[in-house]
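A.B. asks: Quick one: the structure is below, and I'll ask about it shortly.
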Amino acid sequence: MTLGELQEISRQIRIDVVRSVGTAKSGHVGGAVSCAEILATLYFNAMKSDPALPAEQRDKCVLSKGHAAPALYSVLAQRGFFPREEVLTLRKLGSRLQGHPDMKKTPGVDASTGSLGQGVSISVGMALGARLHGSQQKIFAVVGDGEAQEGQFWEAMMAAAHYKLTNLTVVMDNNGLQIDGSNDQVMSLGDIKAKLLAFGFEVIEVDGHDIPQLLQAYTVKTTRPKFILAHTVKGKGISFMENQVGWHGKAPNAEEMQKALAELGA
Amino acid sequence: MTINIKEIKAIRVATGAALAELGAERKDIVALDADLAHATMSCTFGEKFPDRFFNCGIAEQNMICMAAGLAISGFVPVASTFAMFGAGRAYEQVRNSVCYPHLNVKLVFSHSGLSVGEDGGSHQAIEDISLMRSIPGMTVLVPCDGNEARKALRAAVTFKGPVYIRAARLPSPVFTADDAPFEIGKAVTLREGGDVAIIATGLMVYQALLAAEELEKTGIQATVLNIHSIKPIDRQAIIDVARKTRRVITVEEHSVIGGLGSAVAEVLSEECPTALKRMGVQDRFGQSGTPEALLDYYGLTSKHIVETAKEVVERVK
């Protein structure tokens with residue numbers, strides 16, 4: 001897949017996020033669009049994710065920052081797990097697309113997540129499971145930076161290093177903001193890279209919106225579990241949402257939705 | 001029945017041995033513990049199958065979600081720790097990562113109830129049945145002796161979906177028959193009598209049987225119903241004994257709020273309103289003491305059941 005194609009998938013993710021959250025009048029835009037390139041590159045490059053493959057032959061991705069579900073639904077729809085127009089059913093009663101990922105309802109969702117800190121532990125279990133099966137399956141977890149304030153996040157990191165899970169890659173969407181303000185104002189995470197190195201990870205820092213950098217990071221072979229620290233911009237691609245704390249969990253109204261879609265060239 | 005004690009064995013020892021036995025039969029069973037393997041006795045499995053045993057350290061939240069991940073990978077994980085930390089500290093992980101997606105995870109939490117003893121109130125889970133049974137889709141089993149514990153774990157790993165098994169710490173009499181059937185959702189009538197029904201769970205079943213023997217000497221005939229399956233609960237068996245005796249006592253080594261007593265009250269109040277007395281921990285915490293001293297202090301011995309039964313028989317004519 002070419003760089004241009006991956007950029008286009010990322011743009012389509014942003015369009016779907018704005019449309020689906022705007023239509024639902026509820027949801028999280030900022031932290032969903034900040035991981036658009038991460039999800040596009042995972043599902044269309046790094047992972048074996050063809051829906052035609054049996055589930056056990058596909059690589060797995062746990063969206064531990066489950067509130068970014070609208071971005072995950074878009075990439076799954078674009079990958080062919082369900083019809084693209086279904087993203088507009090987001091958060092509606094009876095929809096297969098719940099407010100947070102639900103593996104029992106949505107085709108292609110590998111784990112039910114949303115309560116922060118839990119998904120990354122699930123991914124540790126899945127990586128152990130893949131190893132026990134003697135499978136070459138790769139396991140990815142996409143985590144938030146605010147999520148790393150959960151104690152359980154560090155329990156999971158400790159376990160991943162302890163079990164030497166080289167089949168696990170944790171990608172942090174490091175957009176620097178959380179609901180109540182910047183991470184540094186609310187509860188500083190300090191030097192994330194130094195912390196993860198100390199926990200026993202191989203840490204690769206990238207610009208999380210730079211597709212070639214992400215692709216390069218996925219291909220690095222490591223002897224320790226891999227942590228990709230992806231620096232991102234919350235609300236990326238929508239000028240009036242970029243780096244705005246207020247757009248963590250707010251849905252755009254009709255006018256804002258049109259403005260955002262126009263900026264995205266929809 | 002006449003009580004026939006075969007041996008004295010802690011329920012946790014029985015679940016530990018059963019886990020190792022099942023591990024030999026099924027390669028898809030994996031076990032996890034949180035630095036309490038020599039207390040929960042999951043170490044028996046760990047010694048035999050080190051490749052399928054994961055000690056997660058003192059990190060119960062991570063352990064429960066790791067079990068969820070292993071279940072997604074197709075394994076049947078059995079996670080063990082103390083009831084306080086598994087059902088208490090990691091409640092939300094059990095709720096959201098295991099039960100919300102209805103994953104095939106088995107939770108065997110030991111050191112439940114007051115009979116933990118000397119460690120005191122901070123370690124005596126008296127709310128675990130209540131917490132676990134309120135989660136949609138969760139199955140809750142409370143074996144009454146070592147024999148039942150072995151059967152409960154076998155039934156749990158055969159069943160598809162999340163199951164909680166509550167296991168007691170202290171050595172206790174093994175008195176149920178080796179060949180007694182064990183079925184999830186089915187109560188077991190251990191003794192029949194028309195004057196009062198004693199519905200008990202876990203270690204209290206044995207105390208209920210002792211009480212029934214004592215009561216017989218005073219002319220009171222008691223039915224003893226063993227509810228090893230708190231959820232799903234055997235509604236019909238409860239209704240039947242209530243209709244027959246018109247007087248029901250529940251006994252559990254757990255808070256009377258949300259446990260067996262509540263579960264029985266829910267059935268009876270909807271289907272067969274009956275005079276009911278709930279014996280258990282009366283909305284307070286435990287404390288340090290020997291298990292025997294604690295059970296006596298909190299009113300959970302056969303002697304207390306006898307007194308309560310006499311009162312109920314006297315009061316409800």
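So you can find residues: chains in the structure tokens are A, B, ... in the order shown, residues in each start at 1, and ligands are numbered from 1 in order.
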Select, as a PyMOL selection string, those residues of chain A with any atom no more than 12 Å from chain B (distances computed using only C-alpha atoms).
C.D. replies: chain A and resi 55-62+64+100-106+109-135+137+139+141+150-163
A.B. asks: Please tabulate, as CSV, the residues of range 156-266 of chain A that come within 12 Å of range 1-13 of chain A, each with its closest pair of atoms and the distance in Å to one decimal, counting only C-alpha atoms and ordering rows by chain, then residue number upward.
C.D. replies:
```
residue,atom,partner,partner_atom,distance
A:Gly208,CA,A:Ser10,CA,11.8
A:His209,CA,A:Ser10,CA,9.3
A:Asp210,CA,A:Gln7,CA,9.4
A:Ile211,CA,A:Leu3,CA,7.1
A:Pro212,CA,A:Leu3,CA,7.5
A:Gln213,CA,A:Leu3,CA,11.2
A:Leu214,CA,A:Leu6,CA,11.3
A:Leu215,CA,A:Leu3,CA,10.0
A:Lys236,CA,A:Arg11,CA,10.4
A:Gly237,CA,A:Arg11,CA,8.3
A:Ile238,CA,A:Arg11,CA,10.7
A:Ala260,CA,A:Arg11,CA,11.7
A:Leu261,CA,A:Arg11,CA,10.2
A:Ala262,CA,A:Arg11,CA,11.9
A:Glu263,CA,A:Arg11,CA,10.5
A:Leu264,CA,A:Arg11,CA,6.9
A:Gly265,CA,A:Arg11,CA,8.7
A:Ala266,CA,A:Gln12,CA,8.4
```
A.B. asks: Could the residues in this selection be saved with N, CA, C and O atoms as an mmCIF file, in the first residue's frame?
C.D. replies:
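Final file, result07.cif:
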```cif
data_model
loop_
_atom_site.group_PDB
_atom_site.id
_atom_site.type_symbol
_atom_site.label_atom_id
_atom_site.label_comp_id
_atom_site.auth_asym_id
_atom_site.auth_seq_id
_atom_site.Cartn_x
_atom_site.Cartn_y
_atom_site.Cartn_z
ATOM 1 N N GLY A 208 3.611 10.525 15.461
ATOM 2 C CA GLY A 208 2.487 9.621 15.249
ATOM 3 C C GLY A 208 1.595 9.964 14.068
ATOM 4 O O GLY A 208 0.633 9.240 13.784
ATOM 5 N N HIS A 209 1.891 11.050 13.391
ATOM 6 C CA HIS A 209 1.138 11.370 12.173
ATOM 7 C C HIS A 209 2.006 11.178 10.930
ATOM 8 O O HIS A 209 1.544 11.406 9.815
ATOM 9 N N ASP A 210 3.252 10.755 11.140
ATOM 10 C CA ASP A 210 4.193 10.542 10.026
ATOM 11 C C ASP A 210 4.173 9.055 9.667
ATOM 12 O O ASP A 210 4.763 8.215 10.368
ATOM 13 N N ILE A 211 3.476 8.755 8.602
ATOM 14 C CA ILE A 211 3.261 7.347 8.238
ATOM 15 C C ILE A 211 4.562 6.579 7.998
ATOM 16 O O ILE A 211 4.722 5.474 8.547
ATOM 17 N N PRO A 212 5.521 7.117 7.254
ATOM 18 C CA PRO A 212 6.771 6.355 7.071
ATOM 19 C C PRO A 212 7.483 6.070 8.405
ATOM 20 O O PRO A 212 8.036 4.975 8.582
ATOM 21 N N GLN A 213 7.422 7.003 9.316
ATOM 22 C CA GLN A 213 8.063 6.751 10.627
ATOM 23 C C GLN A 213 7.358 5.611 11.368
ATOM 24 O O GLN A 213 8.006 4.767 11.981
ATOM 25 N N LEU A 214 6.038 5.593 11.307
ATOM 26 C CA LEU A 214 5.287 4.507 11.964
ATOM 27 C C LEU A 214 5.637 3.163 11.309
ATOM 28 O O LEU A 214 5.912 2.178 12.009
ATOM 29 N N LEU A 215 5.620 3.130 9.979
ATOM 30 C CA LEU A 215 5.903 1.871 9.270
ATOM 31 C C LEU A 215 7.298 1.354 9.616
ATOM 32 O O LEU A 215 7.490 0.155 9.829
ATOM 33 N N LYS A 236 -6.174 16.295 15.668
ATOM 34 C CA LYS A 236 -5.367 16.490 14.454
ATOM 35 C C LYS A 236 -6.216 16.490 13.167
ATOM 36 O O LYS A 236 -7.039 15.600 12.952
ATOM 37 N N GLY A 237 -5.988 17.508 12.358
ATOM 38 C CA GLY A 237 -6.637 17.578 11.049
ATOM 39 C C GLY A 237 -7.860 18.476 11.024
ATOM 40 O O GLY A 237 -8.410 18.757 9.962
ATOM 41 N N ILE A 238 -8.304 18.891 12.216
ATOM 42 C CA ILE A 238 -9.478 19.762 12.304
ATOM 43 C C ILE A 238 -9.008 20.991 13.106
ATOM 44 O O ILE A 238 -8.826 20.903 14.326
ATOM 45 N N ALA A 260 -15.800 21.044 10.025
ATOM 46 C CA ALA A 260 -14.745 20.025 10.141
ATOM 47 C C ALA A 260 -14.658 19.194 8.864
ATOM 48 O O ALA A 260 -13.565 18.925 8.349
ATOM 49 N N LEU A 261 -15.806 18.799 8.333
ATOM 50 C CA LEU A 261 -15.816 17.971 7.115
ATOM 51 C C LEU A 261 -15.250 18.750 5.936
ATOM 52 O O LEU A 261 -14.539 18.180 5.092
ATOM 53 N N ALA A 262 -15.548 20.059 5.886
ATOM 54 C CA ALA A 262 -15.008 20.879 4.806
ATOM 55 C C ALA A 262 -13.482 20.920 4.888
ATOM 56 O O ALA A 262 -12.780 20.767 3.875
ATOM 57 N N GLU A 263 -12.978 21.058 6.101
ATOM 58 C CA GLU A 263 -11.512 21.080 6.284
ATOM 59 C C GLU A 263 -10.880 19.758 5.871
ATOM 60 O O GLU A 263 -9.759 19.715 5.378
ATOM 61 N N LEU A 264 -11.626 18.674 6.092
ATOM 62 C CA LEU A 264 -11.106 17.340 5.758
ATOM 63 C C LEU A 264 -11.337 17.003 4.283
ATOM 64 O O LEU A 264 -10.969 15.916 3.825
ATOM 65 N N GLY A 265 -11.979 17.929 3.574
ATOM 66 C CA GLY A 265 -12.208 17.738 2.145
ATOM 67 C C GLY A 265 -13.251 16.687 1.844
ATOM 68 O O GLY A 265 -13.211 16.012 0.818
ATOM 69 N N ALA A 266 -14.194 16.529 2.766
ATOM 70 C CA ALA A 266 -15.240 15.511 2.570
ATOM 71 C C ALA A 266 -16.321 16.032 1.622
ATOM 72 O O ALA A 266 -16.581 17.216 1.587
#
```
A.B. asks: As number ranges by chain, please: every residue in range 26-153 of chain A that a backbone DSSP assignment puts in strand (DSSP E).
C.D. replies: A: 60-63, 139-144
A.B. asks: Just write the chosen residues, N, CA, C and O atoms, as a compact mmCIF listing (two decimals), in the first residue's frame.
C.D. replies:
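Listing of out.txt after writing:
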```txt
# COMPACT_ATOMS: atom_id res chain seq x y z
N LYS A 60 -3.67 -9.36 16.06
CA LYS A 60 -4.71 -8.78 16.91
C LYS A 60 -4.32 -7.37 17.36
O LYS A 60 -3.15 -7.10 17.60
N CYS A 61 -5.33 -6.54 17.50
CA CYS A 61 -5.10 -5.19 18.01
C CYS A 61 -6.12 -4.90 19.11
O CYS A 61 -7.32 -5.04 18.90
N VAL A 62 -5.63 -4.55 20.27
CA VAL A 62 -6.50 -4.17 21.38
C VAL A 62 -6.47 -2.65 21.51
O VAL A 62 -5.41 -2.07 21.78
N LEU A 63 -7.61 -2.04 21.29
CA LEU A 63 -7.69 -0.58 21.43
C LEU A 63 -7.94 -0.30 22.91
O LEU A 63 -9.09 -0.21 23.36
N ILE A 139 0.65 -9.25 18.35
CA ILE A 139 -0.36 -8.58 19.17
C ILE A 139 0.04 -7.11 19.34
O ILE A 139 1.18 -6.80 19.68
N PHE A 140 -0.93 -6.25 19.08
CA PHE A 140 -0.70 -4.81 19.25
C PHE A 140 -1.68 -4.26 20.28
O PHE A 140 -2.82 -4.73 20.36
N ALA A 141 -1.23 -3.27 21.03
CA ALA A 141 -2.14 -2.54 21.92
C ALA A 141 -1.96 -1.07 21.61
O ALA A 141 -0.82 -0.59 21.50
N VAL A 142 -3.07 -0.37 21.44
CA VAL A 142 -3.01 1.08 21.27
C VAL A 142 -3.51 1.71 22.57
O VAL A 142 -4.65 1.47 22.98
N VAL A 143 -2.63 2.46 23.20
CA VAL A 143 -2.95 3.01 24.52
C VAL A 143 -2.91 4.53 24.49
O VAL A 143 -2.27 5.13 23.63
N GLY A 144 -3.59 5.13 25.45
CA GLY A 144 -3.55 6.58 25.57
C GLY A 144 -2.46 7.00 26.55
O GLY A 144 -1.94 6.17 27.30
```
A.B. asks: Tell me which protein, DNA and RNA residues are within 10 Å of Glu202 in chain A, counting only C-alpha atoms, leaving out same-chain ones fewer than 4 positions away, and put them as a ChimeraX atom specification.
C.D. replies: /A:161,166,169,193,196-198,220-228
A.B. asks: Mind pulling up the distance from CA of Lys277 in chain B to CA of Thr245 in chain B?
C.D. replies: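 Separation of CA of Thr245 in chain B and CA of Lys277 in chain B: 13.3 Å.
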A.B. asks: Which of these, B:Val116, B:Ile135, B:Leu36, B:Leu215, has the shortest distance to Ala168 in chain B once you count only C-alpha atoms?
C.D. replies: B:Val116
A.B. asks: Considering only C-alpha atoms, return as a ChimeraX atom specification whatever protein or nucleic-acid residues lie within 9 Å of range 74-89 of chain A, sequence-local ones (same chain, fewer than 3 positions apart) excluded.
C.D. replies: /A:9-10,12-17,19-21,23-24,36,39-40,43-44,49-52,69-71,92-98,106-109
